[in-house]
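coords.cif follows; it contains mmCIF, N, CA and C atoms.
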```
data_start
#
loop_
_atom_site.label_atom_id
_atom_site.label_comp_id
_atom_site.auth_asym_id
_atom_site.auth_seq_id
_atom_site.Cartn_x
_atom_site.Cartn_y
_atom_site.Cartn_z
N MET J 19 -58.88 -55.48 -52.58
CA MET J 19 -59.64 -54.70 -53.54
C MET J 19 -59.26 -53.22 -53.46
N GLU J 20 -59.12 -52.70 -52.22
CA GLU J 20 -58.78 -51.30 -52.04
C GLU J 20 -57.39 -50.98 -52.58
N GLY J 21 -56.45 -51.89 -52.39
CA GLY J 21 -55.10 -51.69 -52.91
C GLY J 21 -55.11 -51.60 -54.42
N ASN J 22 -55.93 -52.42 -55.05
CA ASN J 22 -56.05 -52.40 -56.50
C ASN J 22 -56.64 -51.06 -56.96
N PHE J 23 -57.59 -50.54 -56.20
CA PHE J 23 -58.19 -49.25 -56.52
C PHE J 23 -57.15 -48.14 -56.48
N MET J 24 -56.33 -48.13 -55.44
CA MET J 24 -55.32 -47.09 -55.31
C MET J 24 -54.23 -47.23 -56.36
N GLU J 25 -53.90 -48.46 -56.75
CA GLU J 25 -52.93 -48.64 -57.82
C GLU J 25 -53.50 -48.14 -59.14
N LYS J 26 -54.77 -48.40 -59.36
CA LYS J 26 -55.41 -48.03 -60.61
C LYS J 26 -55.51 -46.51 -60.75
N TYR J 27 -55.75 -45.81 -59.65
CA TYR J 27 -55.94 -44.36 -59.69
C TYR J 27 -54.81 -43.61 -58.98
N LYS J 28 -53.62 -44.15 -59.05
CA LYS J 28 -52.46 -43.49 -58.44
C LYS J 28 -52.22 -42.13 -59.07
N PHE J 29 -52.50 -42.02 -60.38
CA PHE J 29 -52.31 -40.75 -61.08
C PHE J 29 -53.18 -39.65 -60.47
N LEU J 30 -54.38 -40.00 -60.05
CA LEU J 30 -55.26 -39.00 -59.44
C LEU J 30 -54.68 -38.48 -58.13
N LYS J 31 -54.10 -39.37 -57.35
CA LYS J 31 -53.49 -38.95 -56.08
C LYS J 31 -52.33 -38.00 -56.35
N VAL J 32 -51.51 -38.34 -57.33
CA VAL J 32 -50.37 -37.49 -57.68
C VAL J 32 -50.85 -36.15 -58.23
N SER J 33 -51.88 -36.18 -59.07
CA SER J 33 -52.36 -34.94 -59.65
C SER J 33 -52.99 -34.02 -58.60
N ALA J 34 -53.59 -34.59 -57.56
CA ALA J 34 -54.12 -33.76 -56.48
C ALA J 34 -52.99 -33.00 -55.79
N VAL J 35 -51.89 -33.67 -55.56
CA VAL J 35 -50.73 -33.00 -54.93
C VAL J 35 -50.15 -31.95 -55.87
N VAL J 36 -50.08 -32.27 -57.15
CA VAL J 36 -49.54 -31.31 -58.13
C VAL J 36 -50.41 -30.05 -58.18
N PHE J 37 -51.72 -30.23 -58.15
CA PHE J 37 -52.61 -29.06 -58.16
C PHE J 37 -52.46 -28.22 -56.90
N LYS J 38 -52.24 -28.85 -55.75
CA LYS J 38 -52.02 -28.07 -54.53
C LYS J 38 -50.74 -27.26 -54.62
N VAL J 39 -49.69 -27.88 -55.14
CA VAL J 39 -48.42 -27.16 -55.31
C VAL J 39 -48.59 -26.02 -56.30
N LEU J 40 -49.28 -26.28 -57.41
CA LEU J 40 -49.52 -25.22 -58.39
C LEU J 40 -50.33 -24.07 -57.81
N ALA J 41 -51.26 -24.40 -56.92
CA ALA J 41 -52.07 -23.36 -56.30
C ALA J 41 -51.20 -22.39 -55.51
N TRP J 42 -50.34 -22.92 -54.67
CA TRP J 42 -49.50 -22.04 -53.85
C TRP J 42 -48.44 -21.34 -54.67
N VAL J 43 -47.89 -22.01 -55.67
CA VAL J 43 -46.89 -21.38 -56.53
C VAL J 43 -47.52 -20.22 -57.31
N SER J 44 -48.74 -20.41 -57.80
CA SER J 44 -49.40 -19.33 -58.55
C SER J 44 -49.68 -18.13 -57.65
N LEU J 45 -50.04 -18.38 -56.40
CA LEU J 45 -50.25 -17.26 -55.48
C LEU J 45 -48.94 -16.51 -55.24
N ILE J 46 -47.87 -17.25 -55.00
CA ILE J 46 -46.57 -16.61 -54.75
C ILE J 46 -46.12 -15.81 -55.96
N ILE J 47 -46.26 -16.39 -57.16
CA ILE J 47 -45.85 -15.67 -58.37
C ILE J 47 -46.72 -14.45 -58.59
N GLY J 48 -48.02 -14.56 -58.33
CA GLY J 48 -48.91 -13.41 -58.49
C GLY J 48 -48.56 -12.28 -57.55
N VAL J 49 -48.27 -12.62 -56.31
CA VAL J 49 -47.89 -11.58 -55.34
C VAL J 49 -46.56 -10.95 -55.71
N ILE J 50 -45.59 -11.77 -56.09
CA ILE J 50 -44.29 -11.22 -56.50
C ILE J 50 -44.44 -10.33 -57.73
N ALA J 51 -45.23 -10.78 -58.72
CA ALA J 51 -45.44 -9.97 -59.92
C ALA J 51 -46.13 -8.66 -59.56
N GLY J 52 -47.10 -8.71 -58.65
CA GLY J 52 -47.77 -7.49 -58.23
C GLY J 52 -46.83 -6.52 -57.55
N ILE J 53 -45.97 -7.03 -56.69
CA ILE J 53 -45.01 -6.16 -55.99
C ILE J 53 -44.02 -5.56 -56.99
N VAL J 54 -43.54 -6.37 -57.93
CA VAL J 54 -42.59 -5.87 -58.93
C VAL J 54 -43.25 -4.77 -59.77
N ILE J 55 -44.50 -4.96 -60.13
CA ILE J 55 -45.19 -3.94 -60.92
C ILE J 55 -45.40 -2.68 -60.09
N PHE J 56 -45.71 -2.84 -58.80
CA PHE J 56 -45.87 -1.66 -57.94
C PHE J 56 -44.56 -0.88 -57.85
N ILE J 57 -43.47 -1.60 -57.68
CA ILE J 57 -42.17 -0.94 -57.51
C ILE J 57 -41.67 -0.36 -58.83
N GLY J 58 -41.73 -1.15 -59.89
CA GLY J 58 -41.16 -0.71 -61.16
C GLY J 58 -42.18 -0.18 -62.13
N GLY J 59 -43.43 -0.09 -61.70
CA GLY J 59 -44.50 0.34 -62.62
C GLY J 59 -44.52 1.83 -62.81
N GLY J 60 -45.62 2.29 -63.33
CA GLY J 60 -45.77 3.72 -63.55
C GLY J 60 -45.52 4.12 -64.98
N THR J 61 -45.32 3.16 -65.87
CA THR J 61 -45.15 3.48 -67.28
C THR J 61 -46.51 3.44 -67.96
N PRO J 62 -46.64 4.06 -69.12
CA PRO J 62 -47.94 4.01 -69.81
C PRO J 62 -48.36 2.58 -70.18
N GLU J 63 -47.40 1.69 -70.45
CA GLU J 63 -47.73 0.32 -70.81
C GLU J 63 -48.20 -0.49 -69.61
N ALA J 64 -47.65 -0.20 -68.44
CA ALA J 64 -47.99 -0.94 -67.23
C ALA J 64 -48.14 0.03 -66.05
N PRO J 65 -49.32 0.60 -65.90
CA PRO J 65 -49.50 1.50 -64.75
C PRO J 65 -49.44 0.71 -63.44
N ARG J 66 -49.26 1.42 -62.36
CA ARG J 66 -49.14 0.76 -61.06
C ARG J 66 -50.38 -0.04 -60.68
N ASN J 67 -51.53 0.36 -61.16
CA ASN J 67 -52.75 -0.37 -60.85
C ASN J 67 -52.72 -1.80 -61.40
N THR J 68 -51.89 -2.05 -62.37
CA THR J 68 -51.78 -3.40 -62.94
C THR J 68 -51.26 -4.37 -61.89
N GLY J 69 -50.56 -3.90 -60.89
CA GLY J 69 -50.09 -4.76 -59.81
C GLY J 69 -51.23 -5.45 -59.08
N PHE J 70 -52.36 -4.74 -58.98
CA PHE J 70 -53.53 -5.36 -58.36
C PHE J 70 -54.02 -6.55 -59.18
N VAL J 71 -53.92 -6.44 -60.48
CA VAL J 71 -54.36 -7.53 -61.36
C VAL J 71 -53.49 -8.77 -61.14
N GLY J 72 -52.19 -8.58 -61.00
CA GLY J 72 -51.30 -9.71 -60.73
C GLY J 72 -51.64 -10.41 -59.43
N ILE J 73 -51.89 -9.64 -58.40
CA ILE J 73 -52.24 -10.22 -57.10
C ILE J 73 -53.60 -10.90 -57.17
N LEU J 74 -54.56 -10.24 -57.83
CA LEU J 74 -55.89 -10.82 -57.97
C LEU J 74 -55.86 -12.13 -58.75
N LEU J 75 -55.09 -12.17 -59.83
CA LEU J 75 -54.98 -13.41 -60.61
C LEU J 75 -54.31 -14.52 -59.80
N GLY J 76 -53.33 -14.16 -59.00
CA GLY J 76 -52.71 -15.16 -58.13
C GLY J 76 -53.72 -15.78 -57.17
N ILE J 77 -54.59 -14.93 -56.62
CA ILE J 77 -55.62 -15.43 -55.69
C ILE J 77 -56.64 -16.28 -56.44
N VAL J 78 -57.03 -15.86 -57.64
CA VAL J 78 -58.01 -16.63 -58.42
C VAL J 78 -57.44 -18.00 -58.78
N TYR J 79 -56.19 -18.03 -59.24
CA TYR J 79 -55.57 -19.32 -59.59
C TYR J 79 -55.39 -20.20 -58.36
N LEU J 80 -55.08 -19.59 -57.21
CA LEU J 80 -55.01 -20.37 -55.97
C LEU J 80 -56.34 -21.05 -55.72
N PHE J 81 -57.42 -20.31 -55.85
CA PHE J 81 -58.75 -20.87 -55.61
C PHE J 81 -59.07 -21.99 -56.61
N ILE J 82 -58.80 -21.76 -57.88
CA ILE J 82 -59.12 -22.76 -58.92
C ILE J 82 -58.31 -24.04 -58.72
N PHE J 83 -57.00 -23.92 -58.57
CA PHE J 83 -56.16 -25.11 -58.45
C PHE J 83 -56.41 -25.84 -57.13
N TYR J 84 -56.61 -25.10 -56.05
CA TYR J 84 -56.85 -25.75 -54.76
C TYR J 84 -58.20 -26.47 -54.77
N THR J 85 -59.20 -25.87 -55.39
CA THR J 85 -60.50 -26.51 -55.51
C THR J 85 -60.40 -27.78 -56.34
N ALA J 86 -59.67 -27.73 -57.44
CA ALA J 86 -59.49 -28.93 -58.27
C ALA J 86 -58.81 -30.04 -57.46
N SER J 87 -57.82 -29.67 -56.67
CA SER J 87 -57.13 -30.65 -55.83
C SER J 87 -58.07 -31.29 -54.82
N GLU J 88 -58.90 -30.47 -54.20
CA GLU J 88 -59.83 -31.00 -53.20
C GLU J 88 -60.91 -31.87 -53.83
N VAL J 89 -61.35 -31.52 -55.03
CA VAL J 89 -62.35 -32.34 -55.72
C VAL J 89 -61.76 -33.71 -56.07
N ILE J 90 -60.53 -33.72 -56.55
CA ILE J 90 -59.87 -34.99 -56.86
C ILE J 90 -59.71 -35.83 -55.60
N SER J 91 -59.29 -35.20 -54.50
CA SER J 91 -59.15 -35.93 -53.24
C SER J 91 -60.49 -36.47 -52.76
N LEU J 92 -61.54 -35.69 -52.94
CA LEU J 92 -62.88 -36.13 -52.55
C LEU J 92 -63.33 -37.33 -53.38
N LEU J 93 -63.07 -37.32 -54.67
CA LEU J 93 -63.43 -38.44 -55.52
C LEU J 93 -62.68 -39.71 -55.13
N ILE J 94 -61.42 -39.56 -54.79
CA ILE J 94 -60.64 -40.73 -54.34
C ILE J 94 -61.22 -41.27 -53.05
N GLU J 95 -61.57 -40.38 -52.13
CA GLU J 95 -62.14 -40.81 -50.85
C GLU J 95 -63.50 -41.49 -51.04
N ILE J 96 -64.31 -40.95 -51.94
CA ILE J 96 -65.61 -41.57 -52.21
C ILE J 96 -65.42 -42.98 -52.78
N GLY J 97 -64.49 -43.12 -53.73
CA GLY J 97 -64.22 -44.44 -54.29
C GLY J 97 -63.73 -45.43 -53.26
N THR J 98 -62.87 -44.97 -52.36
CA THR J 98 -62.35 -45.83 -51.31
C THR J 98 -63.46 -46.26 -50.35
N LYS J 99 -64.30 -45.31 -49.95
CA LYS J 99 -65.40 -45.63 -49.03
C LYS J 99 -66.42 -46.58 -49.67
N LEU J 100 -66.68 -46.40 -50.96
CA LEU J 100 -67.61 -47.29 -51.65
C LEU J 100 -67.08 -48.72 -51.69
N LEU J 101 -65.77 -48.85 -51.89
CA LEU J 101 -65.19 -50.19 -51.91
C LEU J 101 -65.21 -50.83 -50.54
N GLU J 102 -65.08 -50.03 -49.48
CA GLU J 102 -65.15 -50.59 -48.12
C GLU J 102 -66.56 -51.10 -47.82
N LYS J 103 -67.57 -50.41 -48.31
CA LYS J 103 -68.95 -50.78 -47.99
C LYS J 103 -69.51 -51.88 -48.92
N THR J 104 -68.88 -52.06 -50.07
CA THR J 104 -69.35 -53.07 -51.01
C THR J 104 -68.94 -54.46 -50.51
N PRO J 105 -69.87 -55.37 -50.40
CA PRO J 105 -69.51 -56.72 -49.95
C PRO J 105 -68.70 -57.45 -51.03
N ALA J 106 -67.74 -58.21 -50.57
CA ALA J 106 -66.88 -58.99 -51.49
C ALA J 106 -67.70 -60.09 -52.12
N ALA J 107 -67.54 -60.25 -53.40
CA ALA J 107 -68.31 -61.29 -54.10
C ALA J 107 -67.48 -62.52 -54.31
#
```
As structure tokens, what does this structure read like?
Amino acid sequence: MEGNFMEKYKFLKVSAVVFKVLAWVSLIIGVIAGIVIFIGGGTPEAPRNTGFVGILLGIVYLFIFYTASEVISLLIEIGTKLLEKTPAA
């Protein structure tokens, strides 16, 4: 029964991993964008303070994507535990 559950929701397992990867990639891109703006900034269109926004958005996206990944993993674990405790009919 548990194997059937994991086959049925394999996409959720994959999406949890994808969200974790997206979380770290967004942080890295945000930090790199912030550093680039700090170094090359100072124009009226993009003042140096905009670099803080890039870093802040990277941190926010890290939090959002990582939380989504953990929620998906938690739902998979709950489903697995429920199947273990349910008596076979």
Residue nearest Gly72 in chain J among J:Phe29, J:Thr104, J:Ile53, J:Met24 (counting all atoms listed in the file): J:Ile53
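Pairwise distance (atom C of Arg66 in chain J, CA of Val54 in chain J) equals 9.9 Å.
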Selection dump of the PyMOL selection byres ((chain J and resi 49) around 7), as a ChimeraX atom specification: /J:44-48,50-54,72-74,76-77
Selection near Leu40 in chain J, 7 Å with all atoms listed in the file, sequence-local residues under 3 positions removed, as a ChimeraX atom specification: /J:35-37,43-45,79-80,83-84
Closest of J:Lys38, J:Asn22, J:Phe56, J:Leu100 to Ser87 in chain J - atom-to-atom distances counting all atoms listed in the file: J:Lys38
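Atom N of Trp42 in chain J is positioned 21.4 Å from atom C of Ile94 in chain J.
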Interatomic distance (Å, one decimal) between CA of Ser91 in chain J and CA of Lys31 in chain J: 7.0 Å
DSSP helix (DSSP H, G or I) residues within chain J, listed as a PyMOL selection string: chain J and resi 20-26+28-58+68-103
